[in-house]
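Structure record follows, encoded as structure tokens.
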Amino acid sequence: MKDVKHFLRFSDLTREELDSLFKLTSEIKKKYKAFERHHTLEDRTLVMVFEKSSTRTRLSFELGMSQLGGSSVYLNTKDSQLGRGEPVADSARVISRMCDLVMIRTFEQEMIETFANNSSVPVINGLTDQHHPCQVLADVFTFIEKKGSIRDATVAWIGDSNNMCNSWIEAAEILEFNLNISSPPGYEPTNLSESGCTKFFPTPDAAVRNADLVTTDVWASMGFEEETKLRKLAFQKWQVNKALMAQAAKNAIFMHCLPAHREEEVTSEVIDGDQSVVWDEAENRLHVQKALMETLLLGPSKS
């Protein structure tokens, strides 16, 4: 395969590439809000492959490609040869011959890496069990919008050491901010950054103390539903509520990648409160992914 730039995990982009991407995101969002045309990917096509269900991922990629002047094709593995045993490598070779970008939302990271290794066009990770880099792109951009540079800031991750947590760990290493993680016993991360920017705390109170951002996710991620009852018992003390937010910095903000299970990992009082930026965060998936697709196809912005 020719040298193709993929985005399979957050660490696939350098600090310089991320700075350029966030700048481009801001420009694209401003144009969109001002009803200015930005058709940089006119006549280009995105193929979206879904093995996991989705609301925000499908909307943000499909609408985003349309707003860039291109088009998109939705494929569900149940309705394609991928779901009937065709080797991933063979599907990658065929699909990439007919489009310009591929976004995949699936279970195993190995699947998307195999696809990318056999694709002649850029492949984007829309979510796997191991990583969720597009969401963390949107989260970091939202932080920059609300509070300025994330460098040297403190982010508190409360809950499961899941795909979101993994992408936050990579982001902290690259963008040089402090990441405090707190998870129940048995659910702790095993991949803390060697640079020391990521620290684990046995209690959520200690993790959020003076944090600039508090963020969380559902207790049982997609694919782990059979563990829901067990996890509800284990995670009860890791709920983000008003008392926990009071331990963070006075002007701290709250994020959640959504969908949220209200009154479980977060209370309605917090997610609907003044410190919550979850709706801006959700919208920013659209704009940051437009910048990502444009960057992968056209290269970093020169503006």
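Each chain in the structure tokens gets a letter, A, B, ..., in the order shown, and its residues are numbered from 1; ligands are numbered from 1 in order too.
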
For this session: Would you list, as a PyMOL selection string, the residues of range 81-144 of chain A that end up in strand (DSSP E or B) under DSSP run on this structure's backbone?
Result: chain A and resi 101-105+123-127

Problem set entry | Selection: 10 Å around Val277 in chain A, only C-alpha atoms, excl. self and same-chain fewer than 6 positions, as JSON, numbers by chain | {"A": [139, 142, 143, 146, 253, 254, 255, 256, 271]}

For this session: Determine the nearest neighbour of Leu59 in chain A from the options A:Gly85, A:Gly126, A:Gly148, A:Gly159, counting only C-alpha atoms.
Result: A:Gly126

Problem set entry | Residue nearest Leu41 in chain A - candidates A:Asp19, A:Asp100, A:Asp205, A:Glu265, atoms counted: only C-alpha atoms | A:Asp100

For this session: List the neighbours of Thr45 in chain A out to 7 Å using only C-alpha atoms; skip same-chain residues closer than 3 positions along the sequence, and give me the result as number ranges by chain.
Result: A: 70-72, 99-101

For this session: Identify, on the basis of only C-alpha atoms, every residue whose closest approach to Tyr74 in chain A does not exceed 9 Å; exclude the query and any residue fewer than 5 positions from it along the same chain; express the result as a VMD selection string.
Result: chain A and resid 46 to 50 58 62

For this session: Run DSSP on the backbone of this structure and report the residues of range 42-270 of chain A it assigns to alpha helix (DSSP H), as a PyMOL selection string.
Result: chain A and resi 56-67+88-97+109-117+133-147+163-175+204-208+228-235+242-245+268-270

Problem set entry | Nearest to Val266 in chain A, chosen from A:Val218, A:Val4, A:Ala34, A:Leu296, with only C-alpha atoms counted in the distances |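 So, comparing all the options, the nearest one is A:Val218.
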
Problem set entry | Nearest-residue call for Arg15 in chain A, choices A:Arg151, A:Lys250, A:Lys242, A:Lys199, using only C-alpha atoms |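 Using only C-alpha atoms, Arg15 in chain A sits closest to A:Arg151.
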
Seminar exercise, completed: Among A:Ala92, A:Ile158, A:Leu233, A:Val240, Asn117 in chain A is approached most closely, using only C-alpha atoms, by A:Ala92

So which residues touch Asn241 in chain A within 8 Å, counting only C-alpha atoms, skipping near sequence neighbours fewer than 2 positions away, as a PDB file with N, CA and C atoms, in the first residue's frame?
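Resulting contents of part24.pdb:
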```
ATOM      1  N   GLN A 239     -19.941   8.145  41.027  1.00  0.00           N
ATOM      2  CA  GLN A 239     -20.917   8.997  40.351  1.00  0.00           C
ATOM      3  C   GLN A 239     -20.440  10.448  40.382  1.00  0.00           C
ATOM      4  N   ALA A 243     -21.742  17.237  44.708  1.00  0.00           N
ATOM      5  CA  ALA A 243     -20.729  17.214  45.769  1.00  0.00           C
ATOM      6  C   ALA A 243     -19.348  16.948  45.196  1.00  0.00           C
ATOM      7  N   LEU A 244     -19.268  16.050  44.201  1.00  0.00           N
ATOM      8  CA  LEU A 244     -17.970  15.752  43.596  1.00  0.00           C
ATOM      9  C   LEU A 244     -17.469  16.942  42.785  1.00  0.00           C
ATOM     10  N   MET A 245     -18.358  17.575  42.023  1.00  0.00           N
ATOM     11  CA  MET A 245     -17.963  18.738  41.221  1.00  0.00           C
ATOM     12  C   MET A 245     -17.478  19.877  42.115  1.00  0.00           C
ATOM     13  N   VAL A 266     -23.660   9.981  36.216  1.00  0.00           N
ATOM     14  CA  VAL A 266     -23.771  11.428  36.408  1.00  0.00           C
ATOM     15  C   VAL A 266     -25.211  11.765  36.765  1.00  0.00           C
ATOM     16  N   THR A 267     -25.373  12.761  37.622  1.00  0.00           N
ATOM     17  CA  THR A 267     -26.721  13.199  37.977  1.00  0.00           C
ATOM     18  C   THR A 267     -27.225  14.221  36.958  1.00  0.00           C
ATOM     19  N   GLU A 269     -28.578  16.905  37.689  1.00  0.00           N
ATOM     20  CA  GLU A 269     -28.199  18.217  38.223  1.00  0.00           C
ATOM     21  C   GLU A 269     -26.869  18.683  37.641  1.00  0.00           C
ATOM     22  N   VAL A 270     -25.953  17.751  37.419  1.00  0.00           N
ATOM     23  CA  VAL A 270     -24.652  18.101  36.854  1.00  0.00           C
ATOM     24  C   VAL A 270     -24.720  18.226  35.335  1.00  0.00           C
TER      25      VAL A 270
END
```

For this session: Mind giving me the straight-line distance from CA of Ser276 in chain A to CA of Ile150 in chain A in Å, one decimal?
Result: 17.2 Å

Exercise. Counting only C-alpha atoms, which of A:Cys165, A:Ala252, A:Met111, A:Ile144 gets nearest to Phe10 in chain A?
Worked result: A:Cys165

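With CA of Pro185 in chain A on one side and CA of Thr203 in chain A on the other, the separation reads 10.0 Å.
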
Exercise. So how far away is CA of Leu292 in chain A from CA of Leu82 in chain A, in Å?
Worked result: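 These atoms are spaced 25.6 Å apart.
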
Please list as a PDB file with C-alpha atoms, in the first residue's frame every residue within 10 Å of Leu68 in chain A, counting only C-alpha atoms and excluding residues in the same chain fewer than 2 positions away.
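Here's the written file out.pdb:
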```
ATOM      1  CA  ILE A  28     -14.600  25.597   9.702  1.00  0.00           C
ATOM      2  CA  ARG A  37     -19.639  27.617   1.881  1.00  0.00           C
ATOM      3  CA  HIS A  38     -16.644  25.367   2.613  1.00  0.00           C
ATOM      4  CA  HIS A  39     -16.654  22.669  -0.071  1.00  0.00           C
ATOM      5  CA  THR A  40     -13.060  21.499   0.140  1.00  0.00           C
ATOM      6  CA  LEU A  41     -13.994  17.836  -0.475  1.00  0.00           C
ATOM      7  CA  GLU A  42     -16.354  18.335  -3.379  1.00  0.00           C
ATOM      8  CA  ASP A  43     -16.977  15.102  -5.338  1.00  0.00           C
ATOM      9  CA  ARG A  44     -15.128  13.055  -2.691  1.00  0.00           C
ATOM     10  CA  LEU A  63     -23.487  15.521   7.755  1.00  0.00           C
ATOM     11  CA  GLY A  64     -19.861  16.602   7.974  1.00  0.00           C
ATOM     12  CA  MET A  65     -18.963  15.074   4.618  1.00  0.00           C
ATOM     13  CA  SER A  66     -22.031  16.687   3.060  1.00  0.00           C
ATOM     14  CA  GLY A  70     -18.794  15.412  -0.589  1.00  0.00           C
ATOM     15  CA  SER A  71     -21.060  12.412  -0.131  1.00  0.00           C
ATOM     16  CA  LYS A 290     -14.679  17.812   9.159  1.00  0.00           C
ATOM     17  CA  ALA A 291     -11.239  19.217   9.909  1.00  0.00           C
ATOM     18  CA  MET A 293     -11.245  14.435   7.037  1.00  0.00           C
ATOM     19  CA  GLU A 294      -9.969  17.506   5.227  1.00  0.00           C
TER      20      GLU A 294
END
```

Problem set entry | Residues near Thr295 in chain A, cut-off 12 Å, only C-alpha atoms, skip fewer than 5 positions along chain, as a VMD selection string | chain A and resid 4 to 7 13 17 to 25 40 to 41 101 122 124 288 to 290 300 to 302
